[in-house]
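Participant: Let me give you the structure first, and then I'll get to my questions.
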Amino acid sequence: MANQSEFDTLALRTGIHRSQFGEHSEAMYLTSSFVFQNAAQAAARFTGGEEGNIYSRFTNPTVSAFQERLAALEGAETCVATASGMSAILALAMALLKAGDHVLCSASVFGSTVQLFSNIMGRFGVETTFVAGASVAAWEGALRGNTRLMFVETPSNPLTEIADIAALAAVAKRAGALLAVDNCFCTPALQQPLQLGADLVIHSATKYLDGQGRVLGGAVLGRRGPEMDGVYGFLRTAGPSLSPFNAWVLLKGLETLRLRMDAQSHAALQLAQWLERHPGIERVYYPGLSSHPQYELAKKQQRLGGAVVSFEVKGGREAAWRVVDATRMISITANLGDTKSTITHPATTTHGRISADARKAAGINEGLLRVAVGLEALSDIQADLERGLK
Ligand SMILES: Cc1ncc(COP(=O)(O)O)c(C=O)c1O
């Protein structure tokens with residue numbers, strides 16, 4: 001793993017290819033297609049005989065710069081950027097899976113990820129089994145001869161459950177399956193799954209990679225080879241490509257990624273400690289708390305706890321909604337990863353479309369709230385929550 005100063009330099013200086021104008025900030029190439037000098041060059045580009053851009057659904061220099069920079073930060077050989085985090089997961093699934101394949105997925109993943117694997121991929125003959133993400137034995141026990149992909153989010157959304165990446169990588173290797181990790185909550189600034197043995201990393205760049213809630217984006221990262229070629233092939237054909245404008249915004253986001261992740265994680269830890277002492281709170285979920293069931297594992301594979309704190313309010317949905325409705329500063333919104341703090345009631349929003357049974361299995365109760373801690377003064381965040389908790 002790059003040390004902090006190496007990471008910062010990579011975040012600022014990778015992927016810069018100046019044009020003839022010598023611009024200092026990265027250029028934004030807002031163009032759908034690229035011009036060829038003649039018919040022979042056009043033909044050579046299309047056959048692959050000559051490298052170069054053809055059409056922005058395939059490649060674009062601003063998008064390539066973002067891919068290069070993110071790959072450097074994750075320690076990946078290659079990166080394919082996508083229009084959103086969900087299209088990154090779709091591209092991964094379409095590239096790796098075929099009818100008759102089996103997927104193992106942690107039960108504690110983002111609601112749309114559950115939908116994608118169970119309902120959408122299910123219609124194409126791919127079967128998914130959901131397992132308790134933190135139990136290596138549960139993953140091992142659910143393996144089948146046709147298990148092709150193991151998909152995990154760690155820390156998970158919203159309960160910050162931690163899965164042991166190195167142990168799951170070993171399980172996947174023994175089973176001849178691939179391990180993909182959604183690294184949305186930590187980002188490479190706090191955790192680098194490929195260095196722990198994972199085969200593939202997924203990002204919703206919409207979250208901390210942007211960091212200021214401006215654009216949608218996603219990425220799949222891994223080593224060069226048939227899997228990543230398949231991801232690129234799907235993107236090029238089906239077209240969930242990242243726009244060059246969004247890529248430019250994300251490039252700027254990466255420049256401050258580590259600073260933001262550090263500051264927001266430190267504030268989140270303090271908020272979690274305060275909530276843990278609060279009489280109105282039943283339970284706090286935060287990997288940086290020693291009360292977190294996988295605290296030791298989190299310390300081993302993450303540099304800090306991350307910026308998302310989830311907590312269960314005493315009094316169920318009514319009490320939780322009261323806290324949400326009493327806020328005056330914290331934004332009531334489904335997004336996370338912003339420098340502005342956000343609050344969400346997962347059971348009725350992000351995880352509202354999955355069945356009540358699946359929600360219960362994932363431990364998402366009616367009193368649960370998720371706060372993604374931003375960069376406002378911690379005292380203001382606490383005062384905003386205190387109003388509804390009183
Ligand atoms: C952990 C995680 N993965 C994937 C996604 C999907 O990303 P996007 O909204 O960019 O499609 C989200 C969105 O909230 C998420 O939290």
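A note on labels: chains of the structure tokens are A, B, ... as shown, every chain counts residues from 1, and ligands are counted from 1 in their shown order.
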Please give me, as an NGL selection string, the residues lying within 10 Å of ligand 1 when counting only C-alpha atoms and all ligand atoms.

Facilitator: :A and (82-90 or 108-113 or 152-158 or 181-186 or 202-207 or 215-219 or 334-337 or 350)

Participant: Could you write those residues out with N, CA and C atoms, as a tab-separated table (two decimals), in the first residue's frame?

Facilitator:
```tsv
chain	number	residue	atom	x	y	z
A	82	THR	N	-17.31	3.77	-15.36
A	82	THR	CA	-18.69	3.57	-15.80
A	82	THR	C	-19.56	4.76	-15.37
A	83	ALA	N	-20.79	4.79	-15.87
A	83	ALA	CA	-21.67	5.93	-15.65
A	83	ALA	C	-22.14	6.05	-14.21
A	84	SER	N	-22.11	4.96	-13.46
A	84	SER	CA	-22.57	4.97	-12.07
A	84	SER	C	-22.00	3.75	-11.37
A	85	GLY	N	-22.19	3.69	-10.06
A	85	GLY	CA	-21.73	2.51	-9.33
A	85	GLY	C	-22.52	1.27	-9.75
A	86	MET	N	-23.83	1.43	-9.94
A	86	MET	CA	-24.64	0.27	-10.33
A	86	MET	C	-24.26	-0.25	-11.71
A	87	SER	N	-23.90	0.67	-12.62
A	87	SER	CA	-23.51	0.16	-13.95
A	87	SER	C	-22.14	-0.51	-13.88
A	88	ALA	N	-21.33	-0.17	-12.87
A	88	ALA	CA	-20.07	-0.90	-12.67
A	88	ALA	C	-20.38	-2.34	-12.26
A	89	ILE	N	-21.34	-2.49	-11.35
A	89	ILE	CA	-21.69	-3.85	-10.88
A	89	ILE	C	-22.36	-4.64	-12.02
A	90	LEU	N	-23.20	-3.94	-12.80
A	90	LEU	CA	-23.83	-4.60	-13.96
A	90	LEU	C	-22.75	-5.06	-14.97
A	108	SER	N	-25.48	-8.15	3.41
A	108	SER	CA	-25.44	-6.73	3.79
A	108	SER	C	-24.81	-5.91	2.67
A	109	VAL	N	-25.53	-5.84	1.55
A	109	VAL	CA	-25.05	-4.97	0.47
A	109	VAL	C	-26.14	-3.95	0.15
A	110	PHE	N	-25.75	-2.95	-0.60
A	110	PHE	CA	-26.66	-1.90	-1.03
A	110	PHE	C	-27.91	-2.52	-1.68
A	111	GLY	N	-29.10	-1.92	-1.40
A	111	GLY	CA	-30.38	-2.49	-1.86
A	111	GLY	C	-30.41	-2.76	-3.36
A	112	SER	N	-29.91	-1.85	-4.18
A	112	SER	CA	-29.95	-2.05	-5.64
A	112	SER	C	-29.05	-3.20	-6.07
A	113	THR	N	-28.00	-3.46	-5.30
A	113	THR	CA	-27.11	-4.59	-5.62
A	113	THR	C	-27.87	-5.91	-5.40
A	152	VAL	N	-18.77	-8.80	-2.22
A	152	VAL	CA	-18.90	-8.31	-0.85
A	152	VAL	C	-18.68	-6.80	-0.79
A	153	GLU	N	-19.38	-6.20	0.17
A	153	GLU	CA	-19.19	-4.78	0.44
A	153	GLU	C	-18.61	-4.70	1.84
A	154	THR	N	-17.50	-4.03	2.02
A	154	THR	CA	-16.94	-3.92	3.38
A	154	THR	C	-16.22	-2.60	3.56
A	155	PRO	N	-16.64	-1.76	4.52
A	155	PRO	CA	-17.79	-1.94	5.40
A	155	PRO	C	-19.09	-1.88	4.59
A	156	SER	N	-20.11	-2.56	5.11
A	156	SER	CA	-21.36	-2.64	4.36
A	156	SER	C	-22.22	-1.41	4.60
A	157	ASN	N	-23.13	-1.19	3.68
A	157	ASN	CA	-24.08	-0.10	3.74
A	157	ASN	C	-25.43	-0.66	4.17
A	158	PRO	N	-26.00	-0.26	5.26
A	158	PRO	CA	-25.62	0.83	6.16
A	158	PRO	C	-25.01	0.36	7.49
A	181	VAL	N	-14.85	-6.78	-4.49
A	181	VAL	CA	-15.13	-5.99	-3.28
A	181	VAL	C	-15.63	-4.61	-3.68
A	182	ASP	N	-16.79	-4.24	-3.15
A	182	ASP	CA	-17.30	-2.87	-3.32
A	182	ASP	C	-16.60	-2.01	-2.27
A	183	ASN	N	-15.69	-1.14	-2.72
A	183	ASN	CA	-14.83	-0.37	-1.81
A	183	ASN	C	-15.34	1.05	-1.62
A	184	CYS	N	-16.66	1.19	-1.75
A	184	CYS	CA	-17.28	2.51	-1.74
A	184	CYS	C	-17.07	3.26	-0.43
A	185	PHE	N	-17.26	2.57	0.70
A	185	PHE	CA	-17.23	3.25	2.00
A	185	PHE	C	-15.82	3.69	2.40
A	186	CYS	N	-14.81	2.91	2.05
A	186	CYS	CA	-13.44	3.22	2.49
A	186	CYS	C	-12.67	4.01	1.45
A	202	ILE	N	-14.91	-2.64	-7.01
A	202	ILE	CA	-16.02	-1.87	-7.59
A	202	ILE	C	-16.08	-0.54	-6.86
A	203	HIS	N	-16.42	0.51	-7.59
A	203	HIS	CA	-16.66	1.79	-6.93
A	203	HIS	C	-17.95	2.44	-7.40
A	204	SER	N	-18.67	3.02	-6.45
A	204	SER	CA	-19.62	4.08	-6.79
A	204	SER	C	-18.81	5.36	-6.61
A	205	ALA	N	-18.32	5.91	-7.72
A	205	ALA	CA	-17.52	7.14	-7.65
A	205	ALA	C	-18.37	8.33	-7.24
A	206	THR	N	-19.69	8.13	-7.35
A	206	THR	CA	-20.68	9.12	-6.92
A	206	THR	C	-20.46	9.54	-5.47
A	207	LYS	N	-19.86	8.65	-4.68
A	207	LYS	CA	-19.75	8.88	-3.25
A	207	LYS	C	-18.45	9.63	-2.94
A	215	VAL	N	-21.67	14.56	-9.16
A	215	VAL	CA	-21.88	13.74	-10.36
A	215	VAL	C	-22.02	12.25	-10.02
A	216	LEU	N	-22.60	11.50	-10.95
A	216	LEU	CA	-22.65	10.04	-10.84
A	216	LEU	C	-21.43	9.46	-11.56
A	217	GLY	N	-20.94	8.37	-11.05
A	217	GLY	CA	-19.84	7.69	-11.73
A	217	GLY	C	-19.56	6.37	-11.06
A	218	GLY	N	-18.80	5.52	-11.73
A	218	GLY	CA	-18.44	4.23	-11.14
A	218	GLY	C	-17.18	3.69	-11.78
A	219	ALA	N	-16.70	2.57	-11.26
A	219	ALA	CA	-15.49	1.98	-11.83
A	219	ALA	C	-15.38	0.52	-11.43
A	334	ALA	N	-30.64	10.62	0.16
A	334	ALA	CA	-30.21	9.22	0.09
A	334	ALA	C	-28.72	9.09	-0.19
A	335	ASN	N	-28.07	10.16	-0.60
A	335	ASN	CA	-26.66	10.03	-0.97
A	335	ASN	C	-25.76	10.03	0.27
A	336	LEU	N	-24.53	9.63	0.08
A	336	LEU	CA	-23.52	9.70	1.13
A	336	LEU	C	-22.20	10.00	0.45
A	337	GLY	N	-21.20	10.34	1.25
A	337	GLY	CA	-19.88	10.58	0.65
A	337	GLY	C	-19.63	12.03	0.33
A	350	THR	N	-33.21	3.70	0.94
A	350	THR	CA	-32.23	2.91	0.16
A	350	THR	C	-32.53	1.41	0.18
```

Participant: Quick one: DSSP helix (DSSP H, G or I) residues in region 129-344 of chain A, as a ChimeraX atom specification?

Facilitator: /A:136-142,165-175,187-190,193-196,226-238,244-255,257-277,295-301,316-326

Participant: If we count only C-alpha atoms, what is near Phe311 (chain A) at a cut-off of 7 Å, once residues fewer than 4 positions away on the same chain are taken out, given as a list in words?

Facilitator: Arg283, Val284, Tyr285, Leu368, Leu369 and Arg370 of chain A

Participant: Please list as a ChimeraX atom specification every residue within 12 Å of region 287-295 of chain A, counting only C-alpha atoms and excluding residues in the same chain fewer than 6 positions away.

Facilitator: /A:133-135,154-156,158-164,185-186,265-277,301-311

Participant: Write the residues of the preceding selection, restricted to N, CA and C atoms, as a compact mmCIF listing (two decimals), in the first residue's frame.

Facilitator:
```txt
# COMPACT_ATOMS: atom_id res chain seq x y z
N GLY A 133 -22.10 -11.79 5.59
CA GLY A 133 -20.81 -11.35 5.04
C GLY A 133 -19.63 -11.52 5.99
N ALA A 134 -19.91 -11.40 7.30
CA ALA A 134 -18.80 -11.43 8.27
C ALA A 134 -18.37 -12.84 8.63
N SER A 135 -19.14 -13.85 8.20
CA SER A 135 -18.82 -15.23 8.58
C SER A 135 -18.15 -15.95 7.42
N THR A 154 -17.50 -4.03 2.02
CA THR A 154 -16.94 -3.92 3.38
C THR A 154 -16.22 -2.60 3.56
N PRO A 155 -16.64 -1.76 4.52
CA PRO A 155 -17.79 -1.94 5.40
C PRO A 155 -19.09 -1.88 4.59
N SER A 156 -20.11 -2.56 5.11
CA SER A 156 -21.36 -2.64 4.36
C SER A 156 -22.22 -1.41 4.60
N PRO A 158 -26.00 -0.26 5.26
CA PRO A 158 -25.62 0.83 6.16
C PRO A 158 -25.01 0.36 7.49
N LEU A 159 -24.87 -0.96 7.72
CA LEU A 159 -24.54 -1.42 9.08
C LEU A 159 -23.04 -1.51 9.36
N THR A 160 -22.23 -1.12 8.40
CA THR A 160 -20.77 -1.11 8.54
C THR A 160 -20.22 -2.47 9.01
N GLU A 161 -20.86 -3.54 8.50
CA GLU A 161 -20.34 -4.87 8.79
C GLU A 161 -19.02 -5.06 8.03
N ILE A 162 -18.06 -5.67 8.69
CA ILE A 162 -16.74 -5.85 8.06
C ILE A 162 -16.55 -7.31 7.66
N ALA A 163 -16.16 -7.51 6.42
CA ALA A 163 -15.83 -8.86 5.96
C ALA A 163 -14.31 -8.97 5.85
N ASP A 164 -13.81 -10.17 6.10
CA ASP A 164 -12.36 -10.39 6.09
C ASP A 164 -11.91 -10.62 4.64
N PHE A 185 -17.26 2.57 0.70
CA PHE A 185 -17.23 3.25 2.00
C PHE A 185 -15.82 3.69 2.40
N CYS A 186 -14.81 2.91 2.05
CA CYS A 186 -13.44 3.22 2.49
C CYS A 186 -12.67 4.01 1.45
N SER A 265 -13.40 10.84 8.67
CA SER A 265 -13.32 9.64 9.54
C SER A 265 -13.07 10.05 11.00
N HIS A 266 -12.20 11.03 11.21
CA HIS A 266 -11.93 11.47 12.59
C HIS A 266 -13.20 12.04 13.22
N ALA A 267 -13.94 12.84 12.44
CA ALA A 267 -15.19 13.42 12.97
C ALA A 267 -16.22 12.32 13.22
N ALA A 268 -16.27 11.31 12.32
CA ALA A 268 -17.25 10.22 12.47
C ALA A 268 -16.98 9.43 13.75
N LEU A 269 -15.70 9.20 14.05
CA LEU A 269 -15.36 8.47 15.27
C LEU A 269 -15.86 9.23 16.50
N GLN A 270 -15.63 10.53 16.50
CA GLN A 270 -16.08 11.33 17.65
C GLN A 270 -17.60 11.34 17.76
N LEU A 271 -18.27 11.42 16.62
CA LEU A 271 -19.74 11.40 16.64
C LEU A 271 -20.23 10.04 17.17
N ALA A 272 -19.60 8.96 16.70
CA ALA A 272 -20.00 7.61 17.12
C ALA A 272 -19.82 7.45 18.63
N GLN A 273 -18.72 7.99 19.16
CA GLN A 273 -18.48 7.88 20.61
C GLN A 273 -19.53 8.66 21.39
N TRP A 274 -19.90 9.83 20.86
CA TRP A 274 -20.93 10.65 21.51
C TRP A 274 -22.29 9.95 21.47
N LEU A 275 -22.61 9.37 20.32
CA LEU A 275 -23.90 8.67 20.19
C LEU A 275 -23.96 7.45 21.12
N GLU A 276 -22.82 6.78 21.25
CA GLU A 276 -22.79 5.58 22.09
C GLU A 276 -23.11 5.92 23.56
N ARG A 277 -22.79 7.12 23.96
CA ARG A 277 -23.06 7.53 25.35
C ARG A 277 -24.47 8.11 25.51
N GLN A 301 -7.47 -4.18 8.39
CA GLN A 301 -7.56 -3.98 6.93
C GLN A 301 -7.95 -2.57 6.50
N GLN A 302 -8.30 -1.70 7.47
CA GLN A 302 -8.63 -0.31 7.13
C GLN A 302 -7.70 0.62 7.90
N ARG A 303 -7.35 1.74 7.30
CA ARG A 303 -6.49 2.69 8.00
C ARG A 303 -7.29 3.47 9.05
N LEU A 304 -8.57 3.77 8.75
CA LEU A 304 -9.47 4.46 9.70
C LEU A 304 -10.87 3.87 9.53
N GLY A 305 -11.81 4.31 10.37
CA GLY A 305 -13.13 3.68 10.38
C GLY A 305 -14.07 4.12 9.26
N GLY A 306 -13.72 5.17 8.53
CA GLY A 306 -14.63 5.68 7.50
C GLY A 306 -15.56 6.74 8.07
N ALA A 307 -16.42 7.29 7.22
CA ALA A 307 -17.20 8.46 7.62
C ALA A 307 -18.68 8.16 7.82
N VAL A 308 -19.06 6.88 7.74
CA VAL A 308 -20.48 6.55 7.90
C VAL A 308 -20.73 5.95 9.29
N VAL A 309 -21.66 6.57 10.00
CA VAL A 309 -22.05 6.08 11.32
C VAL A 309 -23.53 5.73 11.25
N SER A 310 -23.86 4.50 11.60
CA SER A 310 -25.28 4.12 11.67
C SER A 310 -25.64 3.87 13.11
N PHE A 311 -26.88 4.17 13.45
CA PHE A 311 -27.29 3.98 14.85
C PHE A 311 -28.78 3.73 14.94
```

Participant: Point out the residue among A:Tyr55, A:Phe46, A:Phe34, A:Phe117 with the least atom-to-atom distance to Ser243 (chain A), counting only C-alpha atoms.

Facilitator: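 Ranked by minimum distance to Ser243 (chain A), first place goes to A:Tyr55.
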
Participant: List the spatial neighbours of Gly316 (chain A) as a ChimeraX atom specification - criterion: any atom at most 12 Å away, only C-alpha atoms, same-chain residues fewer than 4 positions off excluded.

Facilitator: /A:280-282,311-312,320-323,345,347,364-369

Participant: Got time to write the residues from that selection, N, CA and C atoms, as a PDB file, in the first residue's frame?

Facilitator:
```pdb
ATOM      1  N   GLY A 280     -30.690   8.183  24.324  1.00  0.00           N
ATOM      2  CA  GLY A 280     -31.744   7.924  23.333  1.00  0.00           C
ATOM      3  C   GLY A 280     -31.358   6.889  22.284  1.00  0.00           C
ATOM      4  N   ILE A 281     -30.150   6.365  22.385  1.00  0.00           N
ATOM      5  CA  ILE A 281     -29.634   5.464  21.335  1.00  0.00           C
ATOM      6  C   ILE A 281     -29.534   4.032  21.854  1.00  0.00           C
ATOM      7  N   GLU A 282     -30.057   3.127  21.036  1.00  0.00           N
ATOM      8  CA  GLU A 282     -30.037   1.697  21.381  1.00  0.00           C
ATOM      9  C   GLU A 282     -28.660   1.087  21.063  1.00  0.00           C
ATOM     10  N   PHE A 311     -26.883   4.169  13.450  1.00  0.00           N
ATOM     11  CA  PHE A 311     -27.285   3.976  14.850  1.00  0.00           C
ATOM     12  C   PHE A 311     -28.777   3.726  14.936  1.00  0.00           C
ATOM     13  N   GLU A 312     -29.127   2.947  15.971  1.00  0.00           N
ATOM     14  CA  GLU A 312     -30.522   2.617  16.156  1.00  0.00           C
ATOM     15  C   GLU A 312     -31.078   3.473  17.280  1.00  0.00           C
ATOM     16  N   ALA A 320     -37.121   7.437  14.997  1.00  0.00           N
ATOM     17  CA  ALA A 320     -36.069   7.692  13.998  1.00  0.00           C
ATOM     18  C   ALA A 320     -36.491   8.830  13.068  1.00  0.00           C
ATOM     19  N   TRP A 321     -37.736   8.796  12.628  1.00  0.00           N
ATOM     20  CA  TRP A 321     -38.227   9.866  11.737  1.00  0.00           C
ATOM     21  C   TRP A 321     -38.222  11.209  12.462  1.00  0.00           C
ATOM     22  N   ARG A 322     -38.476  11.170  13.794  1.00  0.00           N
ATOM     23  CA  ARG A 322     -38.465  12.419  14.571  1.00  0.00           C
ATOM     24  C   ARG A 322     -37.063  13.050  14.532  1.00  0.00           C
ATOM     25  N   VAL A 323     -36.053  12.205  14.638  1.00  0.00           N
ATOM     26  CA  VAL A 323     -34.667  12.719  14.580  1.00  0.00           C
ATOM     27  C   VAL A 323     -34.409  13.330  13.196  1.00  0.00           C
ATOM     28  N   HIS A 345     -32.929   7.299   6.415  1.00  0.00           N
ATOM     29  CA  HIS A 345     -33.628   6.219   7.115  1.00  0.00           C
ATOM     30  C   HIS A 345     -33.646   5.022   6.155  1.00  0.00           C
ATOM     31  N   ALA A 347     -34.461   1.839   6.079  1.00  0.00           N
ATOM     32  CA  ALA A 347     -35.572   0.891   5.925  1.00  0.00           C
ATOM     33  C   ALA A 347     -36.652   1.406   4.977  1.00  0.00           C
ATOM     34  N   ILE A 364     -31.554  -4.549   9.172  1.00  0.00           N
ATOM     35  CA  ILE A 364     -31.937  -3.143   8.992  1.00  0.00           C
ATOM     36  C   ILE A 364     -33.300  -2.907   9.637  1.00  0.00           C
ATOM     37  N   ASN A 365     -33.267  -2.436  10.862  1.00  0.00           N
ATOM     38  CA  ASN A 365     -34.486  -2.248  11.633  1.00  0.00           C
ATOM     39  C   ASN A 365     -35.093  -0.876  11.376  1.00  0.00           C
ATOM     40  N   GLU A 366     -36.331  -0.715  11.866  1.00  0.00           N
ATOM     41  CA  GLU A 366     -37.074   0.536  11.625  1.00  0.00           C
ATOM     42  C   GLU A 366     -36.477   1.726  12.370  1.00  0.00           C
ATOM     43  N   GLY A 367     -35.752   1.463  13.453  1.00  0.00           N
ATOM     44  CA  GLY A 367     -35.169   2.572  14.226  1.00  0.00           C
ATOM     45  C   GLY A 367     -33.797   3.000  13.731  1.00  0.00           C
ATOM     46  N   LEU A 368     -33.332   2.350  12.651  1.00  0.00           N
ATOM     47  CA  LEU A 368     -31.959   2.600  12.185  1.00  0.00           C
ATOM     48  C   LEU A 368     -31.849   3.893  11.365  1.00  0.00           C
ATOM     49  N   LEU A 369     -30.827   4.671  11.663  1.00  0.00           N
ATOM     50  CA  LEU A 369     -30.496   5.865  10.865  1.00  0.00           C
ATOM     51  C   LEU A 369     -29.043   5.768  10.428  1.00  0.00           C
TER      52      LEU A 369
END
```

Participant: Point out the residue among A:Asn53, A:Asn60, A:Asn146, A:Gln4 with the least atom-to-atom distance to Ala99 (chain A), counting only C-alpha atoms.

Facilitator: A:Asn146

Participant: Have a look at A:Phe151, A:Phe234, A:Tyr286, A:Trp248 and name the one nearest to Ser64 (chain A); count only C-alpha atoms.

Facilitator: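 Smallest distance to Ser64 (chain A) is found for A:Trp248.
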
Participant: Which one of A:Val371, A:Leu194, A:Leu116, A:Ala43 sits closest to Ala71 (chain A) if you count only C-alpha atoms?

Facilitator: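 So, comparing all the options, the nearest one is A:Leu194.
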
Participant: Could you give me, as a list in words, the residues within 8 Å of Ala107 (chain A), counting only C-alpha atoms and dropping anything in the same chain fewer than 2 positions from it?

Facilitator: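 Near neighbours after the sequence-gap exclusion: Cys105, Val109, Val114, Phe130, Val131, Ala132, Gly133, Ala358, Ala361 and Ala362 of chain A.
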
Participant: Convert the current residue selection to file output with N, CA, C and O atoms, as an mmCIF file, in the first residue's frame.

Facilitator:
```
data_model
loop_
_atom_site.group_PDB
_atom_site.id
_atom_site.type_symbol
_atom_site.label_atom_id
_atom_site.label_comp_id
_atom_site.auth_asym_id
_atom_site.auth_seq_id
_atom_site.Cartn_x
_atom_site.Cartn_y
_atom_site.Cartn_z
ATOM 1 N N CYS A 105 -23.206 -13.669 -2.513
ATOM 2 C CA CYS A 105 -23.178 -12.234 -2.235
ATOM 3 C C CYS A 105 -23.481 -12.022 -0.758
ATOM 4 O O CYS A 105 -24.337 -12.710 -0.190
ATOM 5 N N VAL A 109 -25.527 -5.840 1.553
ATOM 6 C CA VAL A 109 -25.051 -4.971 0.473
ATOM 7 C C VAL A 109 -26.141 -3.954 0.153
ATOM 8 O O VAL A 109 -27.293 -4.096 0.571
ATOM 9 N N VAL A 114 -28.673 -5.947 -4.317
ATOM 10 C CA VAL A 114 -29.499 -7.137 -4.058
ATOM 11 C C VAL A 114 -30.455 -7.339 -5.236
ATOM 12 O O VAL A 114 -30.584 -8.444 -5.786
ATOM 13 N N PHE A 130 -27.429 -15.340 -0.835
ATOM 14 C CA PHE A 130 -26.971 -14.271 0.054
ATOM 15 C C PHE A 130 -26.521 -14.876 1.376
ATOM 16 O O PHE A 130 -27.231 -15.707 1.955
ATOM 17 N N VAL A 131 -25.333 -14.479 1.811
ATOM 18 C CA VAL A 131 -24.749 -15.073 3.026
ATOM 19 C C VAL A 131 -24.365 -13.971 4.023
ATOM 20 O O VAL A 131 -24.223 -12.808 3.647
ATOM 21 N N ALA A 132 -24.175 -14.381 5.271
ATOM 22 C CA ALA A 132 -23.725 -13.432 6.300
ATOM 23 C C ALA A 132 -22.282 -13.050 5.972
ATOM 24 O O ALA A 132 -21.362 -13.883 6.065
ATOM 25 N N GLY A 133 -22.096 -11.791 5.592
ATOM 26 C CA GLY A 133 -20.811 -11.354 5.044
ATOM 27 C C GLY A 133 -19.630 -11.524 5.988
ATOM 28 O O GLY A 133 -18.504 -11.781 5.557
ATOM 29 N N ALA A 358 -35.792 -9.903 3.805
ATOM 30 C CA ALA A 358 -34.376 -9.659 3.462
ATOM 31 C C ALA A 358 -33.828 -8.527 4.318
ATOM 32 O O ALA A 358 -32.673 -8.564 4.753
ATOM 33 N N ALA A 361 -33.200 -9.933 7.698
ATOM 34 C CA ALA A 361 -31.991 -10.786 7.661
ATOM 35 C C ALA A 361 -30.733 -9.920 7.644
ATOM 36 O O ALA A 361 -29.707 -10.279 8.216
ATOM 37 N N ALA A 362 -30.835 -8.767 6.985
ATOM 38 C CA ALA A 362 -29.659 -7.884 6.909
ATOM 39 C C ALA A 362 -29.535 -7.016 8.156
ATOM 40 O O ALA A 362 -28.576 -6.251 8.278
#
```
